[in-house]
Each structure stands twice: as structure tokens, then as C-alpha cells.
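Peer 1: Next comes the structure file work.cif, holding mmCIF, C-alpha atoms.
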data_work
#
loop_
_atom_site.label_atom_id
_atom_site.label_comp_id
_atom_site.auth_asym_id
_atom_site.auth_seq_id
_atom_site.Cartn_x
_atom_site.Cartn_y
_atom_site.Cartn_z
CA MET A 1 37.47 -44.38 -30.30
CA ALA A 2 34.76 -42.26 -31.83
CA ASP A 3 32.14 -45.00 -32.07
CA LEU A 4 31.76 -45.13 -28.25
CA PRO A 5 32.19 -42.37 -25.68
CA HIS A 6 35.91 -42.42 -24.92
CA PRO A 7 35.64 -43.23 -21.20
CA LEU A 8 33.42 -46.23 -21.98
CA ALA A 9 35.63 -47.43 -24.85
CA ALA A 10 38.73 -47.15 -22.65
CA PHE A 11 36.94 -49.07 -19.89
CA ILE A 12 35.87 -51.89 -22.22
CA VAL A 13 39.38 -52.17 -23.71
CA GLU A 14 40.89 -52.38 -20.22
CA GLU A 15 38.40 -55.09 -19.22
CA ILE A 16 39.19 -57.09 -22.36
CA ARG A 17 42.91 -56.74 -21.62
CA ARG A 18 42.35 -57.90 -18.03
CA ALA A 19 40.27 -60.87 -19.19
CA ARG A 20 42.94 -61.83 -21.70
CA GLY A 21 45.61 -61.73 -19.00
CA ALA A 22 43.48 -63.73 -16.56
CA ALA A 23 42.93 -66.36 -19.24
CA GLY A 24 46.67 -66.54 -19.93
CA MET A 25 46.16 -65.59 -23.58
CA THR A 26 48.76 -63.84 -25.67
CA GLN A 27 47.55 -61.20 -28.10
CA GLU A 28 48.10 -63.71 -30.89
CA ALA A 29 46.07 -66.44 -29.18
CA PHE A 30 43.29 -64.01 -28.32
CA GLY A 31 43.30 -62.71 -31.88
CA ARG A 32 42.85 -66.20 -33.30
CA GLY A 33 39.78 -66.70 -31.15
CA ALA A 34 38.39 -63.24 -31.86
CA GLY A 35 39.13 -63.24 -35.59
CA PHE A 36 41.77 -60.47 -35.59
CA SER A 37 45.52 -60.32 -36.09
CA ALA A 38 47.87 -59.86 -33.15
CA SER A 39 48.83 -56.43 -34.52
CA HIS A 40 45.17 -55.41 -34.62
CA VAL A 41 44.69 -56.54 -31.02
CA SER A 42 47.81 -54.62 -29.98
CA ALA A 43 46.56 -51.45 -31.69
CA VAL A 44 43.15 -51.64 -30.01
CA GLU A 45 44.70 -52.27 -26.60
CA GLY A 46 47.10 -49.38 -27.19
CA GLU A 47 44.18 -47.13 -28.19
CA THR A 48 45.70 -46.33 -31.59
CA ARG A 49 42.88 -48.20 -33.34
CA ALA A 50 39.18 -47.71 -32.65
CA LEU A 51 37.21 -50.20 -30.62
CA THR A 52 34.42 -51.54 -32.84
CA MET A 53 31.43 -53.76 -32.24
CA ASP A 54 33.06 -56.44 -34.42
CA PHE A 55 36.03 -56.46 -32.05
CA ILE A 56 33.77 -56.59 -28.98
CA LYS A 57 31.81 -59.51 -30.43
CA GLY A 58 35.11 -61.20 -31.30
CA ALA A 59 36.27 -60.81 -27.70
CA ASP A 60 33.08 -62.48 -26.51
CA ARG A 61 33.75 -65.38 -28.90
CA ALA A 62 37.36 -65.70 -27.76
CA PHE A 63 36.39 -65.81 -24.10
CA LYS A 64 33.20 -67.86 -24.68
CA ASN A 65 31.46 -65.60 -22.14
CA GLY A 66 27.95 -65.56 -23.63
CA GLY A 67 28.17 -62.03 -25.02
CA LEU A 68 29.25 -60.31 -21.79
CA PHE A 69 31.11 -57.40 -23.37
CA GLU A 70 28.40 -56.70 -25.92
CA ARG A 71 25.85 -56.54 -23.10
CA MET A 72 28.11 -54.20 -21.14
CA VAL A 73 28.28 -51.80 -24.08
CA ALA A 74 24.51 -51.94 -24.60
CA LYS A 75 23.91 -51.32 -20.90
CA LEU A 76 26.50 -48.60 -20.31
CA GLY A 77 26.72 -46.94 -23.69
CA ALA A 78 24.61 -46.42 -26.78
CA PRO A 79 21.38 -48.39 -27.36
CA SER A 80 22.00 -51.71 -29.07
CA TRP A 81 20.15 -50.69 -32.26
CA PHE A 82 22.48 -47.68 -32.60
CA LEU A 83 25.79 -49.53 -32.35
CA PRO A 84 25.91 -50.79 -35.98
CA TRP A 85 25.26 -47.21 -37.12
CA LEU A 86 28.12 -45.90 -34.98
CA ASP A 87 30.44 -48.39 -36.69
CA ALA A 88 29.23 -47.22 -40.11
CA GLU A 89 29.51 -43.54 -39.18
CA ARG A 90 33.03 -43.95 -37.79
CA VAL A 91 34.48 -45.36 -41.04
CA ALA A 92 32.33 -43.38 -43.48
CA THR A 93 33.93 -41.48 -46.35
CA GLN A 94 30.65 -39.65 -47.06
CA LEU A 95 27.66 -38.74 -44.89
CA ARG A 96 24.32 -37.45 -46.18
CA SER A 97 21.80 -36.15 -43.65
CA TRP A 98 18.23 -34.85 -44.02
CA GLN A 99 16.61 -33.24 -40.97
CA PRO A 100 13.17 -31.56 -41.15
CA SER A 101 12.81 -31.01 -37.39
CA LEU A 102 16.20 -30.71 -35.63
CA ILE A 103 19.79 -29.71 -36.27
CA PRO A 104 21.74 -32.92 -37.11
CA GLY A 105 23.48 -34.34 -34.06
CA LEU A 106 26.96 -34.08 -35.58
CA LEU A 107 26.45 -30.33 -36.03
CA GLN A 108 24.84 -29.48 -32.69
CA THR A 109 26.37 -27.13 -30.14
CA GLU A 110 26.66 -28.32 -26.56
CA HIS A 111 23.81 -26.07 -25.38
CA TYR A 112 21.49 -27.07 -28.23
CA ALA A 113 22.30 -30.77 -27.80
CA ARG A 114 21.60 -30.61 -24.08
CA ALA A 115 18.24 -28.94 -24.72
CA VAL A 116 17.30 -31.62 -27.26
CA ILE A 117 18.31 -34.49 -24.97
CA ARG A 118 16.42 -32.92 -22.06
CA CYS A 119 13.20 -33.13 -24.07
CA ASP A 120 13.05 -36.71 -22.79
CA ASP A 121 11.84 -36.00 -19.25
CA THR A 122 12.38 -39.62 -18.21
CA LEU A 123 16.16 -39.13 -18.21
CA SER A 124 18.08 -38.38 -15.03
CA ASP A 125 20.65 -35.58 -14.97
CA GLU A 126 23.37 -38.23 -15.04
CA GLU A 127 21.86 -39.88 -18.13
CA VAL A 128 21.53 -36.51 -19.86
CA ASP A 129 25.20 -35.78 -19.19
CA LYS A 130 26.21 -39.22 -20.46
CA ARG A 131 24.25 -38.88 -23.69
CA LEU A 132 25.54 -35.35 -24.20
CA ALA A 133 29.15 -36.48 -23.81
CA ALA A 134 28.59 -39.31 -26.29
CA ARG A 135 27.04 -36.98 -28.85
CA LEU A 136 29.82 -34.42 -28.59
CA ASP A 137 32.43 -37.19 -28.77
CA ARG A 138 30.93 -38.45 -32.03
CA GLN A 139 31.47 -35.03 -33.60
CA SER A 140 35.22 -35.62 -33.61
CA ILE A 141 34.85 -37.64 -36.82
CA LEU A 142 34.33 -34.35 -38.70
CA THR A 143 37.74 -33.00 -37.68
CA GLN A 144 39.88 -36.14 -37.88
CA PRO A 145 42.54 -36.42 -40.62
CA THR A 146 40.30 -38.77 -42.63
CA ALA A 147 37.10 -36.79 -42.03
CA PRO A 148 34.13 -37.76 -44.21
CA GLN A 149 32.51 -35.39 -46.68
CA PHE A 150 29.35 -34.40 -44.83
CA VAL A 151 26.37 -32.86 -46.62
CA ALA A 152 23.50 -31.81 -44.37
CA VAL A 153 20.11 -30.64 -45.62
CA ILE A 154 17.90 -28.93 -43.04
CA GLY A 155 14.40 -27.50 -43.21
CA GLU A 156 14.21 -23.72 -42.80
CA GLY A 157 11.65 -24.14 -40.01
CA VAL A 158 14.35 -25.83 -37.90
CA LEU A 159 16.36 -22.59 -37.92
CA ARG A 160 13.39 -20.46 -36.95
CA ARG A 161 12.15 -22.64 -34.08
CA ALA A 162 13.24 -20.20 -31.36
CA GLY A 163 10.94 -18.83 -28.69
CA GLU A 164 12.27 -15.99 -26.56
CA ASP A 165 13.57 -18.38 -23.90
CA PHE A 166 15.47 -20.40 -26.54
CA ARG A 167 16.62 -17.63 -28.87
CA GLY A 168 20.09 -17.25 -27.38
CA ILE A 169 20.82 -20.97 -27.71
CA MET A 170 19.42 -21.00 -31.24
CA ALA A 171 21.43 -17.95 -32.32
CA GLY A 172 24.58 -19.70 -31.12
CA GLN A 173 23.56 -22.88 -32.93
CA VAL A 174 22.83 -21.23 -36.28
CA THR A 175 26.04 -19.20 -36.07
CA HIS A 176 27.87 -22.47 -35.41
CA LEU A 177 26.31 -23.92 -38.56
CA THR A 178 27.63 -21.05 -40.67
CA THR A 179 31.10 -21.59 -39.22
CA LEU A 180 30.99 -25.33 -39.92
CA ALA A 181 29.78 -24.67 -43.46
CA ASP A 182 33.09 -22.89 -44.16
CA ARG A 183 34.99 -26.15 -43.69
CA PRO A 184 35.92 -27.89 -46.95
CA ASN A 185 34.39 -31.22 -45.87
CA ILE A 186 31.04 -29.84 -44.61
CA SER A 187 28.14 -28.47 -46.65
CA VAL A 188 24.91 -27.18 -45.13
CA HIS A 189 21.88 -26.62 -47.36
CA ILE A 190 18.48 -25.26 -46.39
CA VAL A 191 15.12 -26.27 -47.83
CA PRO A 192 13.07 -23.03 -47.82
CA ASP A 193 9.69 -22.93 -46.14
CA ASP A 194 8.05 -22.03 -49.44
CA VAL A 195 8.78 -25.57 -50.69
CA SER A 196 5.51 -26.80 -49.23
CA MET A 197 5.53 -30.49 -50.23
CA HIS A 198 8.45 -32.83 -50.89
CA ALA A 199 9.58 -36.41 -50.27
CA GLY A 200 11.52 -35.58 -47.12
CA LEU A 201 8.48 -34.60 -45.08
CA THR A 202 7.93 -38.23 -44.07
CA GLY A 203 10.88 -38.08 -41.71
CA PRO A 204 14.63 -37.62 -41.12
CA PHE A 205 17.35 -40.00 -42.24
CA ILE A 206 21.10 -40.17 -42.64
CA LEU A 207 23.27 -42.19 -45.01
CA ALA A 208 26.89 -43.29 -44.65
CA ARG A 209 29.14 -44.50 -47.48
CA ALA A 210 32.10 -46.74 -46.65
CA ALA A 211 35.40 -46.82 -48.54
CA ASP A 212 34.19 -49.86 -50.50
CA GLY A 213 31.23 -47.87 -51.83
CA ARG A 214 28.60 -49.58 -49.68
CA TRP A 215 25.89 -47.37 -48.19
CA VAL A 216 24.15 -47.80 -44.83
CA GLY A 217 21.13 -45.78 -43.69
CA GLN A 218 19.67 -44.80 -40.37
CA LEU A 219 16.08 -43.74 -39.66
CA GLU A 220 15.03 -41.91 -36.49
CA ASN A 221 11.71 -42.36 -34.73
CA GLN A 222 10.10 -41.90 -31.31
CA LEU A 223 11.31 -45.29 -30.11
CA GLY A 224 14.94 -44.74 -31.11
CA GLY A 225 15.74 -45.66 -34.66
CA LEU A 226 16.47 -48.27 -37.30
CA VAL A 227 19.68 -49.08 -39.14
CA VAL A 228 19.01 -49.83 -42.82
CA VAL A 229 21.31 -52.24 -44.67
CA ASN A 230 18.95 -53.91 -47.17
CA ASP A 231 20.03 -52.92 -50.68
CA ALA A 232 16.53 -52.08 -51.88
CA ASP A 233 15.77 -49.96 -48.81
CA VAL A 234 19.09 -48.14 -49.04
CA ALA A 235 18.40 -47.43 -52.71
CA THR A 236 15.04 -45.91 -51.74
CA LEU A 237 16.74 -43.63 -49.20
CA LEU A 238 19.33 -42.57 -51.76
CA SER A 239 16.55 -41.69 -54.18
CA LYS A 240 14.74 -39.68 -51.51
CA TRP A 241 18.01 -37.97 -50.64
CA GLU A 242 18.48 -36.78 -54.23
CA THR A 243 14.91 -35.47 -54.29
CA VAL A 244 15.30 -33.54 -51.04
CA ARG A 245 18.75 -32.23 -51.97
CA ASN A 246 17.35 -30.86 -55.22
CA GLU A 247 14.79 -28.81 -53.26
CA ALA A 248 17.48 -27.15 -51.12
CA LEU A 249 19.19 -23.84 -51.72
CA PRO A 250 22.79 -23.81 -52.98
CA ARG A 251 25.54 -23.58 -50.38
CA ARG A 252 26.12 -19.81 -50.51
CA GLN A 253 22.43 -18.95 -50.50
CA SER A 254 21.89 -21.31 -47.59
CA THR A 255 24.63 -19.58 -45.59
CA ASP A 256 23.10 -16.18 -46.39
CA LEU A 257 19.72 -17.41 -45.16
CA MET A 258 21.22 -18.69 -41.91
CA LYS A 259 22.91 -15.35 -41.30
CA GLU A 260 19.65 -13.52 -42.06
CA VAL A 261 17.84 -15.66 -39.49
CA VAL A 262 20.33 -14.72 -36.74
CA THR A 263 20.25 -11.04 -37.74
CA SER A 264 16.46 -11.02 -37.47
CA TRP A 265 16.73 -11.82 -33.75
CA THR A 266 19.05 -8.93 -32.87
#
Is it possible to give me this structure as C-alpha cells?
Peer 2:
Amino acid sequence: MADLPHPLAAFIVEEIRRARGAAGMTQEAFGRGAGFSASHVSAVEGETRALTMDFIKGADRAFKNGGLFERMVAKLGAPSWFLPWLDAERVATQLRSWQPSLIPGLLQTEHYARAVIRCDDTLSDEEVDKRLAARLDRQSILTQPTAPQFVAVIGEGVLRRAGEDFRGIMAGQVTHLTTLADRPNISVHIVPDDVSMHAGLTGPFILARAADGRWVGQLENQLGGLVVVNDADVATLLSKWETVRNEALPRRQSTDLMKEVVTSWT
């Protein structure tokens, strides 16, 4: 259940199962109301098929509960704007990420991710731990049997953002990147600092391609983010992606640069 933190997904599935039993519904009857086959319902309840937002919304329709389960997910799990992206990311066959300021979340180490999340000083320790667990759980999509092909392009300045108090965490993070880049489904490319102006400087984005060829985008900002599904807007992001990717170093040279950065700190 990579689209929600596993404990939350398991909790929601159990609550749906309980509600179905209390309503006296068979899996077939529930499925008719939710818009899914009985075998699909059985697989979700048995945790052999991922819990998706479509299934959660279908459960709300079947129970006519005014969107209770969707509100539970929004309250206890990821922000509501992020949920459609999690669905897209979970089933993606390809992912394309541009990050001028941070290591992409799917490639972050636990220590680096915690430091990034803690930048929001309004979060309690419990909320930090919850968000960290969710982020690390999402990374499992890169090691699953049907893992997507993930190409990440990162600005060189991201690698070198390491004051003395952060250097140990950053060295571990960059070393982790070089290890990930050895995997056949992951490519990491670096845009050198001497590329002074390019289309990607306006902000980070990530693109996901589904098995049917459809692309979905996600933009990050200070208020959270925006999921992009409009064809024209997605086409613009794909064009910007090609421009940024063309400014990046090839795979081997990018790995050499990452190793040089870590060596410079020792």
C-alpha cells in the first residue's frame, strides 16, 4: 500500500471491512456500490492490492456516509491535494523529477529527510515522525518488482549545500545517491553550477507516466503543491523537462561529480 503510510492504509482497510460487516454487505454487494469487482474488494481487504483514493471514494459511495473515509485519510494521512499524486506515483511506469533546491523525496536518506521535514518549525515531533514514515514508505515503489524508470535531475548547488553541522548528513545523502544511481531503473543527473540560466530555475516539478501513456505532473510550493492533469499544462512541463535534462551532465559524469563532492569534505 505504497500510496499511504502502511499503518494508515491498514487502518482504513480494517475500518472499511468493519463497516461492510456492520452493514451486512457481502464483498460483491459492497463492490457493486463502490464500483469494483468482488475480487478487487477481496484483494484490497487481504492487502494484496493497494488501497487507492478511487477505492476509498467508492467505499464512501457504497456506504452513503458523506465522504467519511476520504476525510479520515485527509486528516490522518497525506494532505488532500497530494493524494491524487500518490495514486499517480504508485502506478507510474516512468518518473521524471527536477529539483533545483533539495534532493528528491524518493531518493532521500532518513537523516536528510528528517532534517528537511524539521525545517517546518510548526510541526510537532509526532507530526515529523509521521511525515518521515510516510516519505520513507513511498520509496518502496523504486524497489518493487514493477518499479518505474526514475530519472532525477538535480542542481549541483543542492549537493554542496552543507555547512559544518550538516556535512555528515549530506555526505551520507550524496553517497546514497551514487549507490541508487547504480540501479538499472534509477538515473541521477546533475546540472552544473556553471549553467547559469535555464528553464528549470522557476521551480521544481515531477512527472509520472502511467501504463496507458498518460502523464501527470506535480508542482511544489510553499503552501504544499499542485497536481497537474490538464493536457496543455502537462505538455509545458514535459517541454521544460527536456530543456533541463539537456543541460545536465551524462550519467557517468554526474556520478563522478557526486563522488568528488563527498571527497572534498574529507
Peer 1: Suppose a student applies the PyMOL selection byres ((chain A and resi 61) around 12) to this structure; what residues should they get, written as number ranges by chain?
Peer 2: A: 16, 30-36, 54-60, 62-70
Peer 1: Can you spell out as a list in words the set of residues that the PyMOL selection byres ((chain A and resi 13) around 9) selects in the structure I just provided?
Peer 2: Leu8, Ala9, Ala10, Phe11, Ile12, Glu14, Glu15, Ile16, Arg17, Arg18, Val44, Glu45, Gly46, Glu47, Leu51 and Ile56 of chain A
Peer 1: Using the selection just defined, write its residues with C-alpha atoms as a PDB file, in the frame of the given file.
Peer 2:
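Ended up saving to selection.pdb:
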ATOM      1  CA  LEU A   8      33.420 -46.230 -21.980  1.00  0.00           C
ATOM      2  CA  ALA A   9      35.630 -47.430 -24.850  1.00  0.00           C
ATOM      3  CA  ALA A  10      38.730 -47.150 -22.650  1.00  0.00           C
ATOM      4  CA  PHE A  11      36.940 -49.070 -19.890  1.00  0.00           C
ATOM      5  CA  ILE A  12      35.870 -51.890 -22.220  1.00  0.00           C
ATOM      6  CA  GLU A  14      40.890 -52.380 -20.220  1.00  0.00           C
ATOM      7  CA  GLU A  15      38.400 -55.090 -19.220  1.00  0.00           C
ATOM      8  CA  ILE A  16      39.190 -57.090 -22.360  1.00  0.00           C
ATOM      9  CA  ARG A  17      42.910 -56.740 -21.620  1.00  0.00           C
ATOM     10  CA  ARG A  18      42.350 -57.900 -18.030  1.00  0.00           C
ATOM     11  CA  VAL A  44      43.150 -51.640 -30.010  1.00  0.00           C
ATOM     12  CA  GLU A  45      44.700 -52.270 -26.600  1.00  0.00           C
ATOM     13  CA  GLY A  46      47.100 -49.380 -27.190  1.00  0.00           C
ATOM     14  CA  GLU A  47      44.180 -47.130 -28.190  1.00  0.00           C
ATOM     15  CA  LEU A  51      37.210 -50.200 -30.620  1.00  0.00           C
ATOM     16  CA  ILE A  56      33.770 -56.590 -28.980  1.00  0.00           C
TER      17      ILE A  56
END
Peer 1: With all atoms listed in the file as the atoms that count, which of A:Asp212, A:Asp256, A:Asp233, A:Asp193 lies nearest to Pro100 of chain A?
Peer 2: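 Once distances to Pro100 of chain A are computed over all atoms listed in the file, the minimum belongs to A:Asp193.
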Peer 1: In terms of the shortest atom-to-atom distance over all atoms listed in the file, which of A:Val228, A:Val91, A:Ile186, A:Val158 is closest to Arg209 of chain A?
Peer 2: A:Val91
Peer 1: Enter the distance from atom CA of Val188 of chain A to atom CA of Pro250 of chain A, in Å, rounded to one decimal.
Peer 2: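 Taking atom CA of Val188 of chain A and atom CA of Pro250 of chain A, their separation equals 8.8 Å.
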Peer 1: If we count all atoms listed in the file, what is near Gly213 of chain A at a cut-off of 10 Å, once residues fewer than 2 positions away on the same chain are taken out, given as a ChimeraX atom specification?
Peer 2: /A:92-94,208-211,215-216
Peer 1: To one decimal place in Å, what is the distance between atom CA of Thr143 of chain A and atom CA of Thr48 of chain A?
Peer 2: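 According to the coordinates, atom CA of Thr143 of chain A and atom CA of Thr48 of chain A are separated by 16.7 Å.
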Peer 1: Separation of atom CA of Trp85 of chain A and atom CA of Asp231 of chain A, in Å?
Peer 2: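 Taking atom CA of Trp85 of chain A and atom CA of Asp231 of chain A, their separation equals 15.6 Å.
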Peer 1: Nearest residue to Tyr112 of chain A out of A:Val174, A:Ala232, A:Ala88, A:Arg71, using only C-alpha atoms?
Peer 2: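 Residue with the minimum atom-to-atom distance to Tyr112 of chain A: A:Val174.
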Peer 1: If the PyMOL selection byres ((chain A and resi 139) around 12) were run on this exact file, what residues would it hold? Put them as a CSV table (one decimal) with C-alpha atoms, in the coordinates of the input.
Peer 2:
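Output contents, as saved in result.csv:
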chain,number,residue,atom,x,y,z
A,1,MET,CA,37.5,-44.4,-30.3
A,2,ALA,CA,34.8,-42.3,-31.8
A,3,ASP,CA,32.1,-45.0,-32.1
A,4,LEU,CA,31.8,-45.1,-28.2
A,5,PRO,CA,32.2,-42.4,-25.7
A,86,LEU,CA,28.1,-45.9,-35.0
A,89,GLU,CA,29.5,-43.5,-39.2
A,90,ARG,CA,33.0,-44.0,-37.8
A,104,PRO,CA,21.7,-32.9,-37.1
A,105,GLY,CA,23.5,-34.3,-34.1
A,106,LEU,CA,27.0,-34.1,-35.6
A,107,LEU,CA,26.4,-30.3,-36.0
A,108,GLN,CA,24.8,-29.5,-32.7
A,109,THR,CA,26.4,-27.1,-30.1
A,110,GLU,CA,26.7,-28.3,-26.6
A,113,ALA,CA,22.3,-30.8,-27.8
A,132,LEU,CA,25.5,-35.4,-24.2
A,133,ALA,CA,29.2,-36.5,-23.8
A,134,ALA,CA,28.6,-39.3,-26.3
A,135,ARG,CA,27.0,-37.0,-28.8
A,136,LEU,CA,29.8,-34.4,-28.6
A,137,ASP,CA,32.4,-37.2,-28.8
A,138,ARG,CA,30.9,-38.4,-32.0
A,140,SER,CA,35.2,-35.6,-33.6
A,141,ILE,CA,34.8,-37.6,-36.8
A,142,LEU,CA,34.3,-34.4,-38.7
A,143,THR,CA,37.7,-33.0,-37.7
A,144,GLN,CA,39.9,-36.1,-37.9
A,147,ALA,CA,37.1,-36.8,-42.0
A,148,PRO,CA,34.1,-37.8,-44.2
A,150,PHE,CA,29.4,-34.4,-44.8
A,180,LEU,CA,31.0,-25.3,-39.9
Peer 1: Box in all listed atoms of segment 243-259 of chain A, axis-aligned, with 6 Å more on each side; write out centre and edge lengths in Å to one decimal as JSON.
Peer 2:
{"center_x": 20.5, "center_y": -25.4, "center_z": -48.3, "size_x": 23.3, "size_y": 32.1, "size_z": 25.9}
Peer 1: Which of these residues is nearest to Gln253 of chain A, using only C-alpha atoms: A:Thr178, A:Thr52, A:Thr266, A:Gln99?
Peer 2: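 Nearest candidate to Gln253 of chain A out of A:Thr178, A:Thr52, A:Thr266, A:Gln99: A:Thr178.
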Peer 1: Working from the structure I just supplied, which lacks atoms in segment 45-60 of chain A, can you model N, CA, C and O atoms there and output them as a JSON list (two decimals), in the frame of the given file?
Peer 2:
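Writing done, so here's selection-v1.json:
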[["chain", "number", "residue", "atom", "x", "y", "z"],
["A", 45, "GLU", "N", 44.32, -52.37, -28.00],
["A", 45, "GLU", "CA", 44.70, -52.27, -26.60],
["A", 45, "GLU", "C", 45.55, -51.03, -26.33],
["A", 45, "GLU", "O", 45.52, -50.48, -25.23],
["A", 46, "GLY", "N", 46.29, -50.59, -27.33],
["A", 46, "GLY", "CA", 47.10, -49.38, -27.19],
["A", 46, "GLY", "C", 46.35, -48.11, -27.52],
["A", 46, "GLY", "O", 46.92, -47.02, -27.49],
["A", 47, "GLU", "N", 45.06, -48.25, -27.87],
["A", 47, "GLU", "CA", 44.18, -47.13, -28.19],
["A", 47, "GLU", "C", 44.66, -46.32, -29.38],
["A", 47, "GLU", "O", 44.41, -45.12, -29.50],
["A", 48, "THR", "N", 45.36, -46.99, -30.32],
["A", 48, "THR", "CA", 45.70, -46.33, -31.59],
["A", 48, "THR", "C", 44.77, -46.80, -32.70],
["A", 48, "THR", "O", 44.88, -46.32, -33.83],
["A", 49, "ARG", "N", 43.89, -47.74, -32.39],
["A", 49, "ARG", "CA", 42.88, -48.20, -33.34],
["A", 49, "ARG", "C", 41.54, -48.25, -32.61],
["A", 49, "ARG", "O", 41.48, -48.63, -31.44],
["A", 50, "ALA", "N", 40.49, -47.83, -33.29],
["A", 50, "ALA", "CA", 39.18, -47.71, -32.65],
["A", 50, "ALA", "C", 38.63, -49.06, -32.22],
["A", 50, "ALA", "O", 38.82, -50.09, -32.88],
["A", 51, "LEU", "N", 37.96, -49.03, -31.09],
["A", 51, "LEU", "CA", 37.21, -50.20, -30.62],
["A", 51, "LEU", "C", 35.90, -50.27, -31.38],
["A", 51, "LEU", "O", 35.13, -49.30, -31.39],
["A", 52, "THR", "N", 35.64, -51.38, -32.06],
["A", 52, "THR", "CA", 34.42, -51.54, -32.84],
["A", 52, "THR", "C", 33.57, -52.65, -32.26],
["A", 52, "THR", "O", 34.03, -53.47, -31.46],
["A", 53, "MET", "N", 32.30, -52.68, -32.69],
["A", 53, "MET", "CA", 31.43, -53.76, -32.24],
["A", 53, "MET", "C", 31.91, -55.11, -32.75],
["A", 53, "MET", "O", 31.75, -56.13, -32.07],
["A", 54, "ASP", "N", 32.52, -55.17, -33.93],
["A", 54, "ASP", "CA", 33.06, -56.44, -34.42],
["A", 54, "ASP", "C", 34.14, -56.96, -33.47],
["A", 54, "ASP", "O", 34.21, -58.17, -33.20],
["A", 55, "PHE", "N", 34.98, -56.05, -32.97],
["A", 55, "PHE", "CA", 36.03, -56.46, -32.05],
["A", 55, "PHE", "C", 35.43, -56.94, -30.72],
["A", 55, "PHE", "O", 35.88, -57.94, -30.14],
["A", 56, "ILE", "N", 34.43, -56.21, -30.24],
["A", 56, "ILE", "CA", 33.77, -56.59, -28.98],
["A", 56, "ILE", "C", 33.12, -57.97, -29.11],
["A", 56, "ILE", "O", 33.25, -58.82, -28.22],
["A", 57, "LYS", "N", 32.43, -58.19, -30.22],
["A", 57, "LYS", "CA", 31.81, -59.51, -30.43],
["A", 57, "LYS", "C", 32.88, -60.60, -30.55],
["A", 57, "LYS", "O", 32.69, -61.73, -30.09],
["A", 58, "GLY", "N", 34.01, -60.24, -31.20],
["A", 58, "GLY", "CA", 35.11, -61.20, -31.30],
["A", 58, "GLY", "C", 35.68, -61.55, -29.94],
["A", 58, "GLY", "O", 36.04, -62.71, -29.68],
["A", 59, "ALA", "N", 35.78, -60.55, -29.06],
["A", 59, "ALA", "CA", 36.27, -60.81, -27.70],
["A", 59, "ALA", "C", 35.34, -61.78, -26.98],
["A", 59, "ALA", "O", 35.79, -62.70, -26.28],
["A", 60, "ASP", "N", 34.04, -61.56, -27.14],
["A", 60, "ASP", "CA", 33.08, -62.48, -26.51],
["A", 60, "ASP", "C", 33.25, -63.90, -27.04],
["A", 60, "ASP", "O", 33.15, -64.87, -26.27]]
